[in-house]
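Dropping final-v1.txt in here (compact mmCIF, C-alpha atoms):
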# COMPACT_ATOMS: atom_id res chain seq x y z
CA MET A 28 -25.31 13.58 77.90
CA THR A 29 -23.01 16.41 78.95
CA ASN A 30 -23.24 16.74 82.71
CA PRO A 31 -22.04 19.60 84.93
CA VAL A 32 -19.66 19.03 87.84
CA ARG A 33 -20.51 21.09 90.92
CA HIS A 34 -17.59 22.48 92.89
CA TYR A 35 -18.32 22.84 96.60
CA ALA A 36 -15.78 23.20 99.41
CA TRP A 37 -16.76 19.84 100.91
CA GLY A 38 -16.04 17.94 97.69
CA SER A 39 -13.20 15.53 96.99
CA ALA A 40 -10.20 16.52 94.88
CA THR A 41 -9.40 12.90 93.99
CA ALA A 42 -12.61 10.84 93.65
CA PHE A 43 -13.77 11.90 90.17
CA PRO A 44 -10.27 11.78 88.65
CA ARG A 45 -9.78 8.31 90.14
CA LEU A 46 -13.20 6.91 89.18
CA PHE A 47 -13.86 8.68 85.89
CA GLY A 48 -10.48 9.93 84.69
CA MET A 49 -11.61 13.55 84.97
CA PRO A 50 -8.95 16.26 85.21
CA ALA A 51 -8.18 17.28 88.78
CA ASP A 52 -9.82 20.66 89.28
CA GLY A 53 -10.04 21.41 92.99
CA PRO A 54 -12.89 20.02 95.13
CA GLN A 55 -15.34 18.23 92.84
CA ALA A 56 -18.44 17.53 94.89
CA GLU A 57 -21.27 16.39 92.61
CA LEU A 58 -21.87 15.25 89.04
CA TRP A 59 -25.41 16.29 88.11
CA MET A 60 -27.63 14.44 85.64
CA GLY A 61 -30.98 16.08 85.17
CA ALA A 62 -32.97 19.15 84.21
CA HIS A 63 -32.45 21.23 87.34
CA PRO A 64 -32.34 24.87 86.14
CA ALA A 65 -29.30 25.66 88.31
CA ALA A 66 -27.12 23.27 86.27
CA PRO A 67 -29.01 21.26 83.63
CA SER A 68 -27.47 18.49 81.59
CA GLU A 69 -27.37 18.75 77.81
CA VAL A 70 -28.08 16.16 75.14
CA LEU A 71 -27.21 16.07 71.45
CA LEU A 72 -30.34 15.99 69.29
CA ASP A 73 -30.29 16.27 65.50
CA GLY A 74 -26.77 17.67 65.62
CA ALA A 75 -27.58 20.40 68.13
CA ARG A 76 -27.16 20.54 71.90
CA ILE A 77 -30.29 21.09 73.94
CA SER A 78 -30.57 21.64 77.66
CA LEU A 79 -32.76 19.11 79.47
CA ASP A 80 -34.76 21.87 81.12
CA HIS A 81 -35.85 22.91 77.60
CA LEU A 82 -37.27 19.50 76.67
CA PRO A 83 -40.84 20.23 77.86
CA ALA A 84 -41.04 23.19 75.46
CA HIS A 85 -39.07 21.82 72.49
CA ARG A 86 -39.26 18.00 72.62
CA PRO A 87 -42.11 17.04 74.97
CA GLU A 88 -42.53 13.62 73.33
CA MET A 89 -39.22 12.55 74.89
CA LEU A 90 -40.83 12.83 78.35
CA GLY A 91 -43.94 10.79 77.53
CA ASP A 92 -46.85 12.00 79.66
CA LEU A 93 -44.61 13.71 82.21
CA PRO A 94 -44.50 17.53 82.26
CA GLU A 95 -40.78 17.51 83.17
CA LEU A 96 -37.99 15.20 84.31
CA PRO A 97 -39.12 14.51 87.89
CA PHE A 98 -35.75 13.62 89.42
CA LEU A 99 -32.19 14.85 89.78
CA PHE A 100 -29.54 12.11 89.67
CA LYS A 101 -26.04 12.69 91.08
CA VAL A 102 -22.71 11.13 91.87
CA LEU A 103 -21.61 12.62 95.18
CA ALA A 104 -18.02 12.70 96.49
CA ALA A 105 -17.68 14.09 100.02
CA GLU A 106 -14.30 14.78 101.57
CA GLN A 107 -15.86 16.85 104.38
CA PRO A 108 -19.33 16.78 105.98
CA LEU A 109 -22.33 18.30 104.26
CA SER A 110 -24.79 20.42 106.21
CA ILE A 111 -27.20 18.92 108.73
CA GLN A 112 -30.55 19.28 106.99
CA THR A 113 -34.09 18.14 106.52
CA HIS A 114 -36.75 18.59 103.85
CA PRO A 115 -40.45 19.49 103.95
CA THR A 116 -43.48 17.46 103.00
CA ALA A 117 -45.08 18.25 99.65
CA GLU A 118 -47.96 19.99 101.42
CA ARG A 119 -45.69 22.21 103.51
CA ALA A 120 -43.53 23.02 100.48
CA ARG A 121 -46.56 24.12 98.46
CA ALA A 122 -47.92 26.24 101.31
CA GLY A 123 -44.54 27.75 102.16
CA TYR A 124 -43.74 28.59 98.55
CA ALA A 125 -47.16 30.18 97.98
CA ALA A 126 -46.87 32.26 101.15
CA GLU A 127 -43.42 33.58 100.26
CA GLU A 128 -44.46 34.33 96.70
CA ALA A 129 -47.48 36.25 97.99
CA ALA A 130 -45.25 38.15 100.42
CA GLY A 131 -42.88 39.10 97.61
CA VAL A 132 -39.76 37.53 99.14
CA PRO A 133 -37.16 37.35 96.34
CA LEU A 134 -36.03 33.86 95.36
CA ASP A 135 -32.40 34.76 96.03
CA SER A 136 -33.07 36.36 99.43
CA PRO A 137 -31.37 34.73 102.45
CA ARG A 138 -34.78 35.03 104.14
CA ARG A 139 -36.30 32.72 101.53
CA ARG A 140 -37.18 29.27 102.92
CA TYR A 141 -38.97 27.69 99.97
CA VAL A 142 -37.63 28.27 96.46
CA ASP A 143 -40.08 25.89 94.76
CA ALA A 144 -43.33 24.11 95.54
CA HIS A 145 -41.96 20.56 95.73
CA HIS A 146 -40.83 18.10 98.36
CA LYS A 147 -37.36 16.56 98.21
CA PRO A 148 -37.21 12.88 99.19
CA GLU A 149 -33.72 11.41 98.65
CA LEU A 150 -32.18 8.00 98.06
CA VAL A 151 -28.43 7.54 98.56
CA VAL A 152 -26.59 4.35 97.50
CA ALA A 153 -22.98 3.82 98.54
CA VAL A 154 -20.48 3.40 95.71
CA GLU A 155 -17.56 3.07 98.10
CA HIS A 156 -17.53 3.20 101.89
CA PHE A 157 -19.94 6.00 102.79
CA SER A 158 -20.74 7.50 106.20
CA ALA A 159 -23.89 9.42 107.06
CA LEU A 160 -25.98 10.65 109.97
CA CYS A 161 -29.74 10.15 109.83
CA GLY A 162 -32.61 10.36 112.29
CA PHE A 163 -32.60 10.64 116.07
CA ARG A 164 -30.88 8.11 118.30
CA PRO A 165 -32.58 6.97 121.50
CA GLY A 166 -32.20 9.82 123.97
CA PRO A 167 -30.31 7.87 126.68
CA GLU A 168 -27.71 6.69 124.13
CA ALA A 169 -27.12 10.25 122.96
CA ALA A 170 -27.04 11.44 126.58
CA ALA A 171 -24.23 8.99 127.38
CA ASP A 172 -22.08 10.44 124.58
CA VAL A 173 -22.89 13.99 125.67
CA ALA A 174 -21.75 13.09 129.20
CA ALA A 175 -18.58 11.58 127.78
CA VAL A 176 -17.87 14.77 125.83
CA ALA A 177 -18.44 16.86 128.97
CA ASP A 178 -15.97 14.69 130.91
CA LEU A 179 -13.49 14.88 128.06
CA LEU A 180 -13.61 18.69 127.95
CA ARG A 181 -13.25 18.98 131.70
CA THR A 182 -10.24 16.67 131.62
CA ALA A 183 -8.61 18.41 128.68
CA GLY A 184 -9.22 21.91 130.08
CA THR A 185 -10.15 24.96 128.06
CA GLY A 186 -6.74 26.51 127.46
CA SER A 187 -6.63 30.29 127.71
CA GLU A 188 -10.39 30.83 127.85
CA GLY A 189 -10.52 30.35 131.61
CA PRO A 190 -12.99 28.90 134.14
CA ALA A 191 -15.96 31.03 133.09
CA ASP A 192 -16.08 29.23 129.74
CA THR A 193 -15.70 25.89 131.48
CA ALA A 194 -18.82 26.63 133.50
CA ARG A 195 -20.73 27.76 130.40
CA VAL A 196 -19.89 24.58 128.50
CA ASP A 197 -20.69 22.38 131.51
CA GLU A 198 -24.05 24.05 132.00
CA ALA A 199 -25.00 23.67 128.33
CA LEU A 200 -24.03 20.00 128.14
CA ASN A 201 -25.73 19.18 131.44
CA GLN A 202 -28.98 20.77 130.26
CA LEU A 203 -28.73 18.80 127.03
CA ARG A 204 -28.09 15.52 128.82
CA THR A 205 -31.14 16.04 131.05
CA LEU A 206 -33.41 16.62 128.05
CA LEU A 207 -32.04 13.60 126.21
CA GLU A 208 -32.42 11.29 129.19
CA ALA A 209 -36.09 12.32 129.29
CA GLU A 210 -36.41 11.68 125.49
CA ARG A 211 -37.32 15.34 124.91
CA LEU A 212 -35.66 15.33 121.51
CA ALA A 213 -37.25 18.42 119.99
CA GLU A 214 -36.30 20.50 123.02
CA ALA A 215 -32.78 19.10 122.93
CA LEU A 216 -32.36 20.05 119.27
CA GLU A 217 -33.77 23.53 119.90
CA LEU A 218 -31.50 24.06 122.91
CA ILE A 219 -28.40 23.42 120.78
CA LEU A 220 -29.49 25.42 117.75
CA ARG A 221 -30.53 28.52 119.69
CA ASP A 222 -27.40 28.27 121.89
CA ALA A 223 -28.59 31.16 124.05
CA HIS A 224 -25.36 31.51 126.06
CA GLY A 225 -22.83 30.23 123.53
CA GLY A 226 -21.97 27.07 125.45
CA PHE A 227 -22.50 24.72 122.51
CA ALA A 228 -20.45 26.84 120.12
CA GLN A 229 -17.66 26.82 122.69
CA ALA A 230 -17.93 23.07 123.16
CA ALA A 231 -17.77 22.61 119.38
CA ASP A 232 -14.61 24.73 119.27
CA LEU A 233 -12.90 22.75 122.02
CA VAL A 234 -13.88 19.19 121.19
CA VAL A 235 -11.46 18.40 118.34
CA PRO A 236 -8.28 19.26 120.27
CA ALA A 237 -9.68 17.41 123.28
CA LEU A 238 -10.27 14.29 121.16
CA GLU A 239 -6.52 13.89 120.70
CA SER A 240 -6.47 12.20 124.09
CA VAL A 241 -9.29 9.74 123.32
CA ARG A 242 -8.29 6.10 122.95
CA PRO A 243 -10.32 3.09 121.72
CA GLY A 244 -12.51 1.74 124.51
CA SER A 245 -13.18 5.15 126.06
CA ALA A 246 -16.64 6.20 127.23
CA LEU A 247 -17.15 8.07 123.95
CA CYS A 248 -17.96 5.51 121.27
CA ASP A 249 -15.62 5.31 118.25
CA GLY A 250 -18.30 6.36 115.79
CA ALA A 251 -19.18 9.49 117.76
CA ALA A 252 -15.51 10.40 118.15
CA ASP A 253 -14.90 10.10 114.40
CA THR A 254 -18.05 12.12 113.64
CA LEU A 255 -16.96 14.89 116.01
CA ARG A 256 -13.48 14.98 114.48
CA ARG A 257 -14.87 15.31 110.98
CA ALA A 258 -17.60 17.82 111.84
CA GLY A 259 -15.56 19.86 114.31
CA GLY A 260 -12.51 19.87 112.07
CA ALA A 261 -14.50 21.33 109.17
CA PHE A 262 -16.77 23.62 111.22
CA PRO A 263 -15.05 24.70 114.46
CA GLY A 264 -17.37 26.61 116.74
CA ASP A 265 -20.55 25.50 114.93
CA PRO A 266 -23.23 24.24 117.37
CA GLY A 267 -24.17 21.71 114.67
CA VAL A 268 -21.10 19.75 115.76
CA ILE A 269 -22.98 18.93 118.97
CA VAL A 270 -26.20 18.18 117.02
CA THR A 271 -24.35 15.23 115.46
CA LEU A 272 -24.42 13.47 118.85
CA LEU A 273 -28.22 13.30 118.60
CA LEU A 274 -28.22 11.43 115.28
CA ASN A 275 -27.58 7.84 114.20
CA ARG A 276 -24.19 7.21 112.61
CA VAL A 277 -24.61 4.86 109.64
CA ASP A 278 -21.66 3.43 107.69
CA LEU A 279 -22.70 1.99 104.34
CA SER A 280 -20.87 -0.57 102.25
CA PRO A 281 -21.13 -0.46 98.43
CA GLY A 282 -24.69 -1.19 97.33
CA GLU A 283 -26.28 -0.35 100.70
CA ALA A 284 -28.81 2.46 100.61
CA LEU A 285 -30.80 4.89 102.73
CA TYR A 286 -34.11 6.52 101.80
CA LEU A 287 -34.58 9.91 103.46
CA PRO A 288 -38.18 11.14 103.40
CA ALA A 289 -39.50 14.47 104.63
CA GLY A 290 -38.67 15.32 108.24
CA ASN A 291 -35.62 13.06 108.60
CA LEU A 292 -32.73 15.15 109.97
CA HIS A 293 -29.55 13.97 108.27
CA ALA A 294 -26.05 14.78 107.04
CA TYR A 295 -23.52 13.05 104.82
CA LEU A 296 -20.06 12.80 106.37
CA HIS A 297 -17.62 11.21 103.94
CA GLY A 298 -17.35 8.95 100.92
CA VAL A 299 -18.67 8.40 97.41
CA ALA A 300 -22.28 7.54 96.56
CA VAL A 301 -24.94 7.95 93.93
CA GLU A 302 -27.95 9.97 94.98
CA ILE A 303 -31.34 10.50 93.40
CA MET A 304 -33.97 12.94 94.59
CA ALA A 305 -37.04 14.83 93.56
CA SER A 306 -35.98 17.89 91.59
CA SER A 307 -36.27 20.48 94.37
CA ASP A 308 -34.03 22.91 96.26
CA ASN A 309 -36.07 23.07 99.46
CA VAL A 310 -33.53 22.49 102.23
CA LEU A 311 -33.87 23.47 105.89
CA ARG A 312 -30.40 23.50 107.48
CA GLY A 313 -29.43 22.80 111.07
CA GLY A 314 -25.69 23.37 111.17
CA LEU A 315 -22.34 22.48 109.59
CA THR A 316 -22.85 25.25 107.07
CA ALA A 317 -22.06 28.89 106.42
CA LYS A 318 -25.58 29.31 105.02
CA PRO A 319 -28.50 30.62 107.12
CA VAL A 320 -30.03 28.29 109.70
CA ASP A 321 -33.77 28.90 110.13
CA VAL A 322 -34.31 27.36 113.55
CA ASP A 323 -38.08 27.91 113.69
CA GLU A 324 -38.80 26.31 110.32
CA LEU A 325 -36.30 23.50 110.85
CA LEU A 326 -37.99 22.55 114.11
CA ALA A 327 -41.41 22.71 112.46
CA VAL A 328 -40.33 20.39 109.64
CA THR A 329 -38.13 17.90 111.53
CA THR A 330 -39.66 14.69 112.91
CA PRO A 331 -38.39 14.64 116.55
CA ALA A 332 -38.79 10.92 117.16
CA VAL A 333 -36.66 7.80 117.28
CA LEU A 334 -37.48 5.89 114.10
CA PRO A 335 -36.04 2.75 112.51
CA LEU A 336 -33.00 3.37 110.37
CA PRO A 337 -34.33 4.16 106.87
CA TRP A 338 -32.61 1.35 104.99
CA CYS A 339 -33.77 0.90 101.41
CA THR A 340 -33.19 -2.78 100.61
CA PRO A 341 -33.08 -3.42 96.86
CA GLU A 342 -35.35 -5.94 95.22
CA PRO A 343 -33.68 -8.52 92.96
CA VAL A 344 -34.76 -8.25 89.35
CA SER A 345 -32.23 -10.91 88.44
CA GLU A 346 -28.98 -12.24 89.85
CA ARG A 347 -27.05 -9.17 88.67
CA TRP A 348 -29.82 -6.57 88.63
CA HIS A 349 -31.24 -4.95 91.76
CA ARG A 350 -33.90 -2.27 92.08
CA TYR A 351 -34.23 0.39 94.78
CA ALA A 352 -37.89 1.34 94.81
CA PRO A 353 -38.68 3.69 97.73
CA PRO A 354 -42.27 4.83 98.31
CA CYS A 355 -42.22 7.93 96.11
CA GLU A 356 -43.43 8.52 92.57
CA GLU A 357 -40.58 10.75 91.41
CA PHE A 358 -37.87 8.11 91.10
CA ARG A 359 -36.52 4.63 91.43
CA LEU A 360 -32.99 3.38 90.80
CA ASP A 361 -31.66 0.18 89.24
CA ARG A 362 -28.13 -1.18 89.75
CA LEU A 363 -26.56 -3.67 87.34
CA GLU A 364 -23.26 -5.48 87.93
CA LEU A 365 -22.19 -7.07 84.66
CA ASP A 366 -19.35 -9.38 83.62
CA ASP A 367 -17.62 -9.30 80.26
CA GLY A 368 -20.10 -10.02 77.48
CA ASP A 369 -23.18 -9.92 79.75
CA THR A 370 -26.26 -8.39 78.17
CA ALA A 371 -29.20 -6.69 79.87
CA THR A 372 -32.32 -5.19 78.28
CA TRP A 373 -34.12 -2.09 79.45
CA ALA A 374 -37.73 -2.45 78.34
CA PRO A 375 -39.67 0.53 76.97
CA GLN A 376 -41.07 2.77 79.71
CA ASP A 377 -43.76 5.42 79.89
CA GLY A 378 -41.16 7.96 81.02
CA PRO A 379 -37.50 8.80 80.36
CA ALA A 380 -34.49 7.20 82.04
CA VAL A 381 -30.85 8.13 82.64
CA VAL A 382 -28.27 5.35 82.18
CA LEU A 383 -25.00 5.98 84.07
CA CYS A 384 -21.94 3.79 83.62
CA LEU A 385 -20.17 4.03 86.95
CA ARG A 386 -17.34 1.59 86.27
CA GLY A 387 -16.04 -0.17 83.18
CA GLU A 388 -17.69 0.29 79.78
CA VAL A 389 -20.93 -0.82 78.17
CA LEU A 390 -22.17 -0.75 74.61
CA LEU A 391 -25.70 0.69 74.55
CA ARG A 392 -27.87 -0.17 71.55
CA SER A 393 -31.22 1.58 71.42
CA ASP A 394 -33.88 2.17 68.81
CA ALA A 395 -32.14 5.42 67.92
CA SER A 396 -28.40 4.78 68.18
CA GLU A 397 -25.45 2.67 69.28
CA ILE A 398 -22.95 4.24 71.68
CA ALA A 399 -20.08 3.16 73.92
CA VAL A 400 -20.60 4.49 77.44
CA GLY A 401 -17.53 4.71 79.66
CA ALA A 402 -17.05 5.35 83.36
CA GLY A 403 -18.69 8.61 84.42
CA GLU A 404 -20.70 8.91 81.19
CA SER A 405 -24.47 8.77 80.85
CA VAL A 406 -27.18 8.47 78.20
CA LEU A 407 -30.76 9.74 78.22
CA LEU A 408 -33.35 7.18 77.12
CA THR A 409 -36.59 8.76 75.98
CA ALA A 410 -40.06 7.57 76.85
CA GLY A 411 -40.84 4.34 75.00
CA GLU A 412 -37.21 3.67 74.05
CA ARG A 413 -35.79 0.16 74.40
CA ALA A 414 -32.09 -0.33 75.12
CA VAL A 415 -29.72 -3.31 75.21
CA LEU A 416 -26.58 -3.02 77.33
CA THR A 417 -23.56 -5.22 76.59
CA SER A 418 -20.67 -5.12 79.03
CA GLU A 419 -17.11 -4.69 77.80
CA GLY A 420 -15.24 -6.32 80.71
CA GLN A 421 -16.68 -5.90 84.20
CA SER A 422 -18.98 -2.93 84.61
CA GLU A 423 -21.38 -1.32 87.05
CA VAL A 424 -24.37 0.59 85.72
CA PHE A 425 -27.15 2.60 87.38
CA VAL A 426 -30.43 3.47 85.68
CA ALA A 427 -32.54 6.29 87.11
CA SER A 428 -36.20 6.47 86.12
CA PRO A 429 -39.54 7.77 87.43
CA GLY A 430 -41.07 5.66 90.16
CA ALA A 431 -44.57 5.34 88.77
CA VAL A 432 -43.76 3.47 85.55
CA PRO A 433 -44.06 -0.20 84.57
CA SER A 434 -41.29 -2.58 85.57
CA SER A 435 -38.36 -3.23 83.28
CA ALA A 436 -37.06 -6.70 82.57
CA LEU A 437 -33.84 -8.48 81.68
Represent the structure from my file as structure tokens, please.
Amino acid sequence: MTNPVRHYAWGSATAFPRLFGMPADGPQAELWMGAHPAAPSEVLLDGARISLDHLPAHRPEMLGDLPELPFLFKVLAAEQPLSIQTHPTAERARAGYAAEEAAGVPLDSPRRRYVDAHHKPELVVAVEHFSALCGFRPGPEAAADVAAVADLLRTAGTGSEGPADTARVDEALNQLRTLLEAERLAEALELILRDAHGGFAQAADLVVPALESVRPGSALCDGAADTLRRAGGAFPGDPGVIVTLLLNRVDLSPGEALYLPAGNLHAYLHGVAVEIMASSDNVLRGGLTAKPVDVDELLAVTTPAVLPLPWCTPEPVSERWHRYAPPCEEFRLDRLELDDGDTATWAPQDGPAVVLCLRGEVLLRSDASEIAVGAGESVLLTAGERAVLTSEGQSEVFVASPGAVPSSAL
């Protein structure tokens, strides 16, 4: 496969060169493996390159009974925070897309909310240390950090802006703390995003300089302080910086995973991970972005409740093979950690699969070919194709496949 690298401002300039030996080329944010029309992968078939989004028309047998590749698989390298966002249910996506199509809203219009008719559940698996925000914290916990930020800003002062801005920030943070203490999470989120008097934008602009005086053991917890530094440093004056205080901070070690279904408000902060999702672009943003924030639709889609952290614990297939199988039909993900000479077999499936070598090198023998796959390289297995992987030294391999297919075996 030939896979496009996506260059976004939040991407890392060092992760892909370090992991995959790629040339340094500015911020490299995501390596895409899939048929997404914005940046489809290509495969070599019968001596010619073909884009994966053309498979349904030209080589449908490669997809089995599926009309298209149902997932987009990525390696993600974040140096700065990504936008706070959530995704719709399948039903809301279909209804929203149909309504905007009927209304004639152009797909590239900033007023467009739904650019396709699909939901976008996501699974993220840490490759290295990876930090994220996901779901609402208990209101009183968030209120305590909001109070600590208010005290910090009062202590640090507001520089040349004067006492009027101090009062505006105090009023905004006090209103927020009251709502959070009462567990009125939806109202708290709306208060920040609408920011009627500009108090939250001002607080977001002031908080990073004020954090210079924070020491370990202060009233503001270390995780919240680090989150504010990262978010406020990248997006000064963005009310979304204050939204981060409402969300759970989760720090993942390699192999740990989160599954983010519809309605879960989340953001990725920093680190390297693999991510797999349904092939959709339906994103409702809530800050930490220069793109439009649709407050009304975000509030309608977001689940404003304290829920358990959405860990996705892998199931052991064998000692060295683990499967992440969240409750969605579009995808599942397998992770193999192999020693030198180890062999693993991917059994024939009803749908296609993407084999990614993350580290090391494996020799892949399939019904159709034999190929050495190095770090950062991937191979498309077609429906019904069997493959044997042999590790050359230590290697780490991920295999992305549709969720509703029979199990594979070693």
For this session: Starting from the point (-40.0, 12.3, 80.5), work out which residues of protein, DNA or RNA have an atom no more than 9 Å away when counting only C-alpha atoms; state them as number ranges by chain.
Result: A: 82-83, 87-97, 377-380, 409-410, 428-429
Exercise. Stretch 347-354 of chain A: which residues within 9 Å, counting only C-alpha atoms, same-chain residues fewer than 3 positions away excluded, as a list of chain:residue names?
Worked result: A:Leu150, A:Ala284, A:Tyr286, A:Cys339, A:Thr340, A:Pro341, A:Glu342, A:Pro343, A:Val344, A:Phe358, A:Arg359, A:Leu360, A:Asp361, A:Arg362, A:Leu363, A:Glu364, A:Leu365, A:Ala371, A:Gly430, A:Leu437
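For the atom pair formed by atom CA of A:Val102 and atom CA of A:Val426, the distance is 12.5 Å, given to one decimal.
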Stretch 126-216 of chain A residues near stretch 291-297 of chain A within 12 Å, closest pair each, using only C-alpha atoms, as a tab-separated table:
residue	atom	partner	partner_atom	distance
A:Lys147	CA	A:Asn291	CA	11.1
A:Pro148	CA	A:Asn291	CA	9.5
A:Glu149	CA	A:Asn291	CA	10.3
A:Val151	CA	A:Tyr295	CA	9.7
A:Val152	CA	A:Tyr295	CA	11.8
A:Ala153	CA	A:His297	CA	10.6
A:Val154	CA	A:His297	CA	11.7
A:Glu155	CA	A:His297	CA	10.0
A:His156	CA	A:His297	CA	8.3
A:Phe157	CA	A:His297	CA	5.8
A:Ser158	CA	A:Leu296	CA	5.3
A:Ala159	CA	A:Tyr295	CA	4.3
A:Leu160	CA	A:Ala294	CA	5.1
A:Cys161	CA	A:His293	CA	4.1
A:Gly162	CA	A:Leu292	CA	5.3
A:Phe163	CA	A:Leu292	CA	7.6
A:Arg164	CA	A:Leu292	CA	11.1
A:Leu212	CA	A:Leu292	CA	11.9
A:Ala213	CA	A:Leu292	CA	11.5
A:Leu216	CA	A:Leu292	CA	10.5
For this session: Might you pull out every residue within 12 Å of A:Gly387, with only C-alpha atoms counted and same-chain residues fewer than 2 positions away left off, and present them as a count of residues only?
Result: 27
Applying 9 Å and only C-alpha atoms, which residues near A:His145 remain after dropping the ones on its own chain fewer than 5 positions away? List them as a PDB file with C-alpha atoms, in the frame of the given file.
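Here's the written file part13.pdb:
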ATOM      1  CA  PRO A 115     -40.450  19.490 103.950  1.00  0.00           C
ATOM      2  CA  THR A 116     -43.480  17.460 103.000  1.00  0.00           C
ATOM      3  CA  ALA A 117     -45.080  18.250  99.650  1.00  0.00           C
ATOM      4  CA  GLU A 118     -47.960  19.990 101.420  1.00  0.00           C
ATOM      5  CA  ARG A 119     -45.690  22.210 103.510  1.00  0.00           C
ATOM      6  CA  ALA A 120     -43.530  23.020 100.480  1.00  0.00           C
ATOM      7  CA  ARG A 121     -46.560  24.120  98.460  1.00  0.00           C
ATOM      8  CA  TYR A 124     -43.740  28.590  98.550  1.00  0.00           C
ATOM      9  CA  ALA A 305     -37.040  14.830  93.560  1.00  0.00           C
ATOM     10  CA  SER A 306     -35.980  17.890  91.590  1.00  0.00           C
ATOM     11  CA  SER A 307     -36.270  20.480  94.370  1.00  0.00           C
ATOM     12  CA  ASP A 308     -34.030  22.910  96.260  1.00  0.00           C
ATOM     13  CA  ASN A 309     -36.070  23.070  99.460  1.00  0.00           C
TER      14      ASN A 309
END
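One distance worth recording is that between atom CA of A:Thr316 and atom CA of A:Ala261, which is 9.5 Å.
Of the listed residues (A:Asp323, A:Glu283, A:Glu106, A:Asp232), A:Glu106 comes nearest to A:Ala36; the distances count only C-alpha atoms.
Distance-wise, atom CA of A:Phe98 and atom CA of A:Gly411 end up 17.9 Å apart.
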For this session: Please identify all polymer residues lying at most 7 Å from the point (-30.4, 13.8, 89.5) (file coordinates), using all atoms listed in the file, and present the result as a list in words.
Result: Trp59, Met60, Gly61, Phe98, Leu99, Phe100, Lys101, Ile303 and Met304 of chain A
Exercise. With distances taken over only C-alpha atoms, which of A:Ala169, A:Leu180, A:Ala395, A:Leu134 is nearest to A:Thr193?
Worked result: A:Leu180
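Closest approach to A:Leu416 among A:Asp321, A:Glu397, A:Asp278, A:Asp265: A:Glu397, based on all atoms listed in the file.
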Problem set entry | Distance query A:Phe227 at most 10 Å, only C-alpha atoms, self and fewer than 2 positions along chain excluded, as a list in words | Arg195, Val196, Asp197, Glu198, Ala199, Leu200, Leu203, Leu218, Ile219, Leu220, Arg221, Asp222, Ala223, His224, Gly225, Gln229, Ala230, Ala231, Asp232, Leu233, Gly264, Asp265, Pro266, Gly267, Val268, Ile269 and Val270 of chain A
Mind dumping the selected residues with C-alpha atoms as a PDB file, keeping the file's coordinate frame?
ATOM      1  CA  ARG A 195     -20.730  27.760 130.400  1.00  0.00           C
ATOM      2  CA  VAL A 196     -19.890  24.580 128.500  1.00  0.00           C
ATOM      3  CA  ASP A 197     -20.690  22.380 131.510  1.00  0.00           C
ATOM      4  CA  GLU A 198     -24.050  24.050 132.000  1.00  0.00           C
ATOM      5  CA  ALA A 199     -25.000  23.670 128.330  1.00  0.00           C
ATOM      6  CA  LEU A 200     -24.030  20.000 128.140  1.00  0.00           C
ATOM      7  CA  LEU A 203     -28.730  18.800 127.030  1.00  0.00           C
ATOM      8  CA  LEU A 218     -31.500  24.060 122.910  1.00  0.00           C
ATOM      9  CA  ILE A 219     -28.400  23.420 120.780  1.00  0.00           C
ATOM     10  CA  LEU A 220     -29.490  25.420 117.750  1.00  0.00           C
ATOM     11  CA  ARG A 221     -30.530  28.520 119.690  1.00  0.00           C
ATOM     12  CA  ASP A 222     -27.400  28.270 121.890  1.00  0.00           C
ATOM     13  CA  ALA A 223     -28.590  31.160 124.050  1.00  0.00           C
ATOM     14  CA  HIS A 224     -25.360  31.510 126.060  1.00  0.00           C
ATOM     15  CA  GLY A 225     -22.830  30.230 123.530  1.00  0.00           C
ATOM     16  CA  GLN A 229     -17.660  26.820 122.690  1.00  0.00           C
ATOM     17  CA  ALA A 230     -17.930  23.070 123.160  1.00  0.00           C
ATOM     18  CA  ALA A 231     -17.770  22.610 119.380  1.00  0.00           C
ATOM     19  CA  ASP A 232     -14.610  24.730 119.270  1.00  0.00           C
ATOM     20  CA  LEU A 233     -12.900  22.750 122.020  1.00  0.00           C
ATOM     21  CA  GLY A 264     -17.370  26.610 116.740  1.00  0.00           C
ATOM     22  CA  ASP A 265     -20.550  25.500 114.930  1.00  0.00           C
ATOM     23  CA  PRO A 266     -23.230  24.240 117.370  1.00  0.00           C
ATOM     24  CA  GLY A 267     -24.170  21.710 114.670  1.00  0.00           C
ATOM     25  CA  VAL A 268     -21.100  19.750 115.760  1.00  0.00           C
ATOM     26  CA  ILE A 269     -22.980  18.930 118.970  1.00  0.00           C
ATOM     27  CA  VAL A 270     -26.200  18.180 117.020  1.00  0.00           C
TER      28      VAL A 270
END
Which residues come within 12 Å of A:Leu71, counting all atoms listed in the file, excluding same-chain residues fewer than 2 positions away, as a compact mmCIF listing (two decimals) with C-alpha atoms, in the coordinates of the input?
# COMPACT_ATOMS: atom_id res chain seq x y z
CA MET A 28 -25.31 13.58 77.90
CA THR A 29 -23.01 16.41 78.95
CA ASN A 30 -23.24 16.74 82.71
CA SER A 68 -27.47 18.49 81.59
CA GLU A 69 -27.37 18.75 77.81
CA ASP A 73 -30.29 16.27 65.50
CA GLY A 74 -26.77 17.67 65.62
CA ALA A 75 -27.58 20.40 68.13
CA ARG A 76 -27.16 20.54 71.90
CA ILE A 77 -30.29 21.09 73.94
CA SER A 78 -30.57 21.64 77.66
CA LEU A 79 -32.76 19.11 79.47
CA LEU A 82 -37.27 19.50 76.67
CA SER A 396 -28.40 4.78 68.18
CA VAL A 406 -27.18 8.47 78.20
CA LEU A 407 -30.76 9.74 78.22
